[in-house]
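Listing of start-v3.cif; format and content: mmCIF, C-alpha atoms; chains and numbers go by the auth columns.
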```cif
data_target
#
loop_
_atom_site.group_PDB
_atom_site.id
_atom_site.type_symbol
_atom_site.label_atom_id
_atom_site.label_comp_id
_atom_site.label_asym_id
_atom_site.label_seq_id
_atom_site.Cartn_x
_atom_site.Cartn_y
_atom_site.Cartn_z
_atom_site.B_iso_or_equiv
_atom_site.auth_seq_id
_atom_site.auth_asym_id
ATOM 1 C CA MET A 1 77.474 151.553 86.608 0.00 70 A
ATOM 2 C CA PHE A 2 81.157 150.589 86.611 0.00 71 A
ATOM 3 C CA GLY A 3 81.834 151.728 83.057 0.00 72 A
ATOM 4 C CA LEU A 4 82.678 148.238 81.836 0.00 73 A
ATOM 5 C CA GLU A 5 79.291 147.793 80.181 0.00 74 A
ATOM 6 C CA ASP A 6 80.310 150.476 77.653 0.00 75 A
ATOM 7 C CA LEU A 7 83.396 148.587 76.476 0.00 76 A
ATOM 8 C CA PRO A 8 83.396 147.151 72.945 0.00 77 A
ATOM 9 C CA PHE A 9 81.918 143.670 72.654 0.00 78 A
ATOM 10 C CA PRO A 10 85.225 141.858 71.856 0.00 79 A
ATOM 11 C CA VAL A 11 86.886 143.379 74.935 0.00 80 A
ATOM 12 C CA LYS A 12 83.991 142.269 77.139 0.00 81 A
ATOM 13 C CA LEU A 13 84.282 138.756 75.677 0.00 82 A
ATOM 14 C CA ILE A 14 87.990 138.619 76.523 0.00 83 A
ATOM 15 C CA ILE A 15 87.345 139.731 80.115 0.00 84 A
ATOM 16 C CA ALA A 16 84.486 137.224 80.451 0.00 85 A
ATOM 17 C CA GLY A 17 86.639 134.449 78.984 0.00 86 A
ATOM 18 C CA ILE A 18 89.401 135.102 81.493 0.00 87 A
ATOM 19 C CA ALA A 19 86.861 135.011 84.331 0.00 88 A
ATOM 20 C CA ASP A 20 85.408 131.726 83.036 0.00 89 A
ATOM 21 C CA ILE A 21 88.841 130.120 82.739 0.00 90 A
ATOM 22 C CA ALA A 22 89.670 131.199 86.294 0.00 91 A
ATOM 23 C CA ASP A 23 86.354 129.696 87.425 0.00 92 A
ATOM 24 C CA MET A 24 86.819 126.454 85.500 0.00 93 A
ATOM 25 C CA PHE A 25 90.282 125.733 86.879 0.00 94 A
ATOM 26 C CA ASP A 26 89.568 127.123 90.378 0.00 95 A
ATOM 27 C CA LEU A 27 92.302 129.747 90.099 0.00 96 A
ATOM 28 C CA ILE A 28 90.552 132.164 92.456 0.00 97 A
ATOM 29 C CA PRO A 29 91.826 131.710 96.028 0.00 98 A
ATOM 30 C CA GLY A 30 89.307 131.415 98.828 0.00 99 A
ATOM 31 C CA SER A 31 87.201 128.582 97.494 0.00 100 A
ATOM 32 C CA ASP A 32 83.625 128.979 96.276 0.00 101 A
ATOM 33 C CA ILE A 33 82.691 131.460 99.014 0.00 102 A
ATOM 34 C CA VAL A 34 84.865 134.059 97.279 0.00 103 A
ATOM 35 C CA GLU A 35 84.478 132.781 93.731 0.00 104 A
ATOM 36 C CA GLY A 36 80.671 132.992 93.501 0.00 105 A
ATOM 37 C CA PRO A 37 80.231 136.652 94.447 0.00 106 A
ATOM 38 C CA LEU A 38 83.370 137.678 92.543 0.00 107 A
ATOM 39 C CA LEU A 39 82.191 136.111 89.286 0.00 108 A
ATOM 40 C CA GLY A 40 78.745 137.604 89.839 0.00 109 A
ATOM 41 C CA ALA A 41 80.337 141.024 90.246 0.00 110 A
ATOM 42 C CA VAL A 42 82.308 140.571 87.013 0.00 111 A
ATOM 43 C CA ALA A 43 79.162 139.595 85.093 0.00 112 A
ATOM 44 C CA TYR A 44 77.246 142.534 86.565 0.00 113 A
ATOM 45 C CA ALA A 45 80.054 144.962 85.760 0.00 114 A
ATOM 46 C CA LEU A 46 80.150 143.781 82.141 0.00 115 A
ATOM 47 C CA THR A 47 76.380 143.768 81.571 0.00 116 A
ATOM 48 C CA ASP A 48 74.883 146.082 84.231 0.00 117 A
ATOM 49 C CA ASN A 49 72.117 143.496 84.636 0.00 118 A
ATOM 50 C CA PRO A 50 71.203 141.893 87.992 0.00 119 A
ATOM 51 C CA LYS A 51 70.095 138.680 86.247 0.00 120 A
ATOM 52 C CA ALA A 52 73.672 138.166 85.076 0.00 121 A
ATOM 53 C CA LEU A 53 74.890 138.722 88.628 0.00 122 A
ATOM 54 C CA ALA A 54 72.531 136.082 90.028 0.00 123 A
ATOM 55 C CA ALA A 55 73.226 133.455 87.341 0.00 124 A
ATOM 56 C CA ASP A 56 76.983 133.871 87.525 0.00 125 A
ATOM 57 C CA ALA A 57 77.096 133.907 91.328 0.00 126 A
ATOM 58 C CA ILE A 58 75.155 130.630 91.419 0.00 127 A
ATOM 59 C CA ASP A 59 77.519 129.132 88.843 0.00 128 A
ATOM 60 C CA GLY A 60 80.496 130.222 90.947 0.00 129 A
ATOM 61 C CA PHE A 61 79.428 127.885 93.749 0.00 130 A
ATOM 62 C CA ILE A 62 79.517 124.767 91.530 0.00 131 A
ATOM 63 C CA PRO A 63 82.634 122.716 92.331 0.00 132 A
ATOM 64 C CA ALA A 64 85.499 122.451 89.854 0.00 133 A
ATOM 65 C CA PRO A 65 84.965 119.007 88.272 0.00 134 A
ATOM 66 C CA LEU A 66 81.395 119.943 87.300 0.00 135 A
ATOM 67 C CA ASP A 67 82.031 123.574 86.432 0.00 136 A
ATOM 68 C CA PHE A 68 82.823 123.722 82.744 0.00 137 A
ATOM 69 C CA PHE A 69 80.060 125.986 81.414 0.00 138 A
ATOM 70 C CA PRO A 70 81.247 129.528 80.478 0.00 139 A
ATOM 71 C CA THR A 71 78.484 131.434 82.252 0.00 140 A
ATOM 72 C CA THR A 72 80.127 134.871 82.231 0.00 141 A
ATOM 73 C CA THR A 73 80.759 134.657 78.492 0.00 142 A
ATOM 74 C CA LEU A 74 77.192 133.523 77.918 0.00 143 A
ATOM 75 C CA MET A 75 75.835 136.449 79.957 0.00 144 A
ATOM 76 C CA VAL A 76 77.861 138.917 77.875 0.00 145 A
ATOM 77 C CA ILE A 77 76.625 137.381 74.626 0.00 146 A
ATOM 78 C CA LEU A 78 73.002 137.318 75.804 0.00 147 A
ATOM 79 C CA ASP A 79 73.246 140.932 76.936 0.00 148 A
ATOM 80 C CA GLU A 80 74.772 142.017 73.626 0.00 149 A
ATOM 81 C CA THR A 81 72.031 140.303 71.604 0.00 150 A
ATOM 82 C CA GLY A 82 69.279 141.671 73.844 0.00 151 A
ATOM 83 C CA HIS A 83 68.120 138.325 75.255 0.00 152 A
ATOM 84 C CA LEU A 84 69.060 138.916 78.872 0.00 153 A
#
```
Could you write out this structure as structure tokens?
Amino acid sequence: MFGLEDLPFPVKLIIAGIADIADMFDLIPGSDIVEGPLLGAVAYALTDNPKALAADAIDGFIPAPLDFFPTTTLMVILDETGHL
């Protein structure tokens, strides 16, 4: 839909990794209200799958000390291997 799902797999992993690092260290301004939908949109743009959007948006609302799981990267890997 956005054209990002057609990028090569390593490029999608780099984009997902940057999004996960920003999520882990709470680098996105606006708290979790902005972070959840934004990370969901990144996951959806990279995979074109609404399941990735839902999982990543939910993960975006988890507060910083507990949020260490790289959900966006996992969604990209699952999509690439056909398990999503």
Can you pull out every residue within 10 Å of region 123-137 of chain A, counting only C-alpha atoms, but drop anything in the same chain fewer than 3 positions away, and send it as a PDB file with C-alpha atoms, keeping the file's coordinate frame?
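And here's part10.pdb as it stands now:
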```
ATOM      1  CA  ASP A  89      85.408 131.726  83.036  1.00  0.00           C
ATOM      2  CA  ILE A  90      88.841 130.120  82.739  1.00  0.00           C
ATOM      3  CA  ASP A  92      86.354 129.696  87.425  1.00  0.00           C
ATOM      4  CA  MET A  93      86.819 126.454  85.500  1.00  0.00           C
ATOM      5  CA  PHE A  94      90.282 125.733  86.879  1.00  0.00           C
ATOM      6  CA  ASP A  95      89.568 127.123  90.378  1.00  0.00           C
ATOM      7  CA  LEU A  96      92.302 129.747  90.099  1.00  0.00           C
ATOM      8  CA  SER A 100      87.201 128.582  97.494  1.00  0.00           C
ATOM      9  CA  ASP A 101      83.625 128.979  96.276  1.00  0.00           C
ATOM     10  CA  ILE A 102      82.691 131.460  99.014  1.00  0.00           C
ATOM     11  CA  VAL A 103      84.865 134.059  97.279  1.00  0.00           C
ATOM     12  CA  GLU A 104      84.478 132.781  93.731  1.00  0.00           C
ATOM     13  CA  GLY A 105      80.671 132.992  93.501  1.00  0.00           C
ATOM     14  CA  PRO A 106      80.231 136.652  94.447  1.00  0.00           C
ATOM     15  CA  LEU A 107      83.370 137.678  92.543  1.00  0.00           C
ATOM     16  CA  LEU A 108      82.191 136.111  89.286  1.00  0.00           C
ATOM     17  CA  GLY A 109      78.745 137.604  89.839  1.00  0.00           C
ATOM     18  CA  ALA A 110      80.337 141.024  90.246  1.00  0.00           C
ATOM     19  CA  VAL A 111      82.308 140.571  87.013  1.00  0.00           C
ATOM     20  CA  ALA A 112      79.162 139.595  85.093  1.00  0.00           C
ATOM     21  CA  TYR A 113      77.246 142.534  86.565  1.00  0.00           C
ATOM     22  CA  ASN A 118      72.117 143.496  84.636  1.00  0.00           C
ATOM     23  CA  PRO A 119      71.203 141.893  87.992  1.00  0.00           C
ATOM     24  CA  LYS A 120      70.095 138.680  86.247  1.00  0.00           C
ATOM     25  CA  THR A 140      78.484 131.434  82.252  1.00  0.00           C
ATOM     26  CA  THR A 141      80.127 134.871  82.231  1.00  0.00           C
ATOM     27  CA  THR A 142      80.759 134.657  78.492  1.00  0.00           C
ATOM     28  CA  LEU A 143      77.192 133.523  77.918  1.00  0.00           C
ATOM     29  CA  MET A 144      75.835 136.449  79.957  1.00  0.00           C
TER      30      MET A 144
END
```
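Nearest residue to Leu153 (chain A) among A:Phe138, A:Ala85, A:Thr116, A:Pro98 is A:Thr116, counting all atoms listed in the file.
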- Atom-to-atom span, CA of Val145 (chain A) and CA of Leu76 (chain A), Å: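 Interatomic distance here is 11.2 Å.
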- In Å to one decimal, how far is CA of His152 (chain A) from CA of Pro139 (chain A)?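 Going from CA of Pro139 (chain A) over to CA of His152 (chain A) covers 16.6 Å.
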- Query: Suppose you want the space between CA of Pro77 (chain A) and CA of Asp148 (chain A); what is it in Å?
  - Reply: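 Those two atoms sit 12.6 Å apart.
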- Item | Nearest candidate to Leu73 (chain A) (options A:Ala91, A:Leu115, A:Gly99, A:Gly86; using only C-alpha atoms) |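 Distance minimum relative to Leu73 (chain A) lands on A:Leu115.
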Around region 144-147 of chain A, fit a box with edges along x, y and z, padding it by 5 Å on each side, then list its centre and edge lengths in Å to one decimal as JSON.
```
{"center_x": 75.4, "center_y": 137.7, "center_z": 77.3, "size_x": 14.9, "size_y": 12.5, "size_z": 15.3}
```
May I ask you to restore N, CA and C atoms in region 93-111 of chain A and write the result as a PDB file, in the coordinates of the input?
```
ATOM      1  N   MET A  93      86.755 127.856  85.891  1.00  0.00           N
ATOM      2  CA  MET A  93      86.819 126.454  85.500  1.00  0.00           C
ATOM      3  C   MET A  93      87.974 125.719  86.180  1.00  0.00           C
ATOM      4  N   PHE A  94      89.118 126.380  86.287  1.00  0.00           N
ATOM      5  CA  PHE A  94      90.282 125.733  86.879  1.00  0.00           C
ATOM      6  C   PHE A  94      90.478 126.080  88.353  1.00  0.00           C
ATOM      7  N   ASP A  95      89.500 126.727  88.964  1.00  0.00           N
ATOM      8  CA  ASP A  95      89.568 127.123  90.378  1.00  0.00           C
ATOM      9  C   ASP A  95      90.839 127.916  90.698  1.00  0.00           C
ATOM     10  N   LEU A  96      91.112 128.927  89.911  1.00  0.00           N
ATOM     11  CA  LEU A  96      92.302 129.747  90.099  1.00  0.00           C
ATOM     12  C   LEU A  96      92.094 130.872  91.105  1.00  0.00           C
ATOM     13  N   ILE A  97      90.861 131.085  91.517  1.00  0.00           N
ATOM     14  CA  ILE A  97      90.552 132.164  92.456  1.00  0.00           C
ATOM     15  C   ILE A  97      90.719 131.625  93.871  1.00  0.00           C
ATOM     16  N   PRO A  98      91.625 132.219  94.661  1.00  0.00           N
ATOM     17  CA  PRO A  98      91.826 131.710  96.028  1.00  0.00           C
ATOM     18  C   PRO A  98      90.634 132.030  96.919  1.00  0.00           C
ATOM     19  N   GLY A  99      90.393 131.181  97.891  1.00  0.00           N
ATOM     20  CA  GLY A  99      89.307 131.415  98.828  1.00  0.00           C
ATOM     21  C   GLY A  99      88.110 130.533  98.602  1.00  0.00           C
ATOM     22  N   SER A 100      88.242 129.558  97.734  1.00  0.00           N
ATOM     23  CA  SER A 100      87.201 128.582  97.494  1.00  0.00           C
ATOM     24  C   SER A 100      85.974 129.223  96.859  1.00  0.00           C
ATOM     25  N   ASP A 101      84.850 128.521  96.928  1.00  0.00           N
ATOM     26  CA  ASP A 101      83.625 128.979  96.276  1.00  0.00           C
ATOM     27  C   ASP A 101      82.961 130.140  97.006  1.00  0.00           C
ATOM     28  N   ILE A 102      83.274 130.339  98.266  1.00  0.00           N
ATOM     29  CA  ILE A 102      82.691 131.460  99.014  1.00  0.00           C
ATOM     30  C   ILE A 102      83.136 132.796  98.415  1.00  0.00           C
ATOM     31  N   VAL A 103      84.352 132.851  97.918  1.00  0.00           N
ATOM     32  CA  VAL A 103      84.865 134.059  97.279  1.00  0.00           C
ATOM     33  C   VAL A 103      84.543 134.051  95.788  1.00  0.00           C
ATOM     34  N   GLU A 104      84.631 132.898  95.173  1.00  0.00           N
ATOM     35  CA  GLU A 104      84.478 132.781  93.731  1.00  0.00           C
ATOM     36  C   GLU A 104      83.075 133.149  93.246  1.00  0.00           C
ATOM     37  N   GLY A 105      82.046 132.711  93.928  1.00  0.00           N
ATOM     38  CA  GLY A 105      80.671 132.992  93.501  1.00  0.00           C
ATOM     39  C   GLY A 105      80.364 134.475  93.421  1.00  0.00           C
ATOM     40  N   PRO A 106      80.516 135.214  94.515  1.00  0.00           N
ATOM     41  CA  PRO A 106      80.231 136.652  94.447  1.00  0.00           C
ATOM     42  C   PRO A 106      81.175 137.413  93.512  1.00  0.00           C
ATOM     43  N   LEU A 107      82.428 136.982  93.417  1.00  0.00           N
ATOM     44  CA  LEU A 107      83.370 137.678  92.543  1.00  0.00           C
ATOM     45  C   LEU A 107      82.978 137.523  91.077  1.00  0.00           C
ATOM     46  N   LEU A 108      82.616 136.315  90.674  1.00  0.00           N
ATOM     47  CA  LEU A 108      82.191 136.111  89.286  1.00  0.00           C
ATOM     48  C   LEU A 108      80.863 136.817  89.005  1.00  0.00           C
ATOM     49  N   GLY A 109      79.985 136.848  89.992  1.00  0.00           N
ATOM     50  CA  GLY A 109      78.745 137.604  89.839  1.00  0.00           C
ATOM     51  C   GLY A 109      79.017 139.083  89.645  1.00  0.00           C
ATOM     52  N   ALA A 110      79.982 139.607  90.378  1.00  0.00           N
ATOM     53  CA  ALA A 110      80.337 141.024  90.246  1.00  0.00           C
ATOM     54  C   ALA A 110      80.938 141.317  88.871  1.00  0.00           C
ATOM     55  N   VAL A 111      81.737 140.388  88.349  1.00  0.00           N
ATOM     56  CA  VAL A 111      82.308 140.571  87.013  1.00  0.00           C
ATOM     57  C   VAL A 111      81.194 140.592  85.963  1.00  0.00           C
TER      58      VAL A 111
END
```
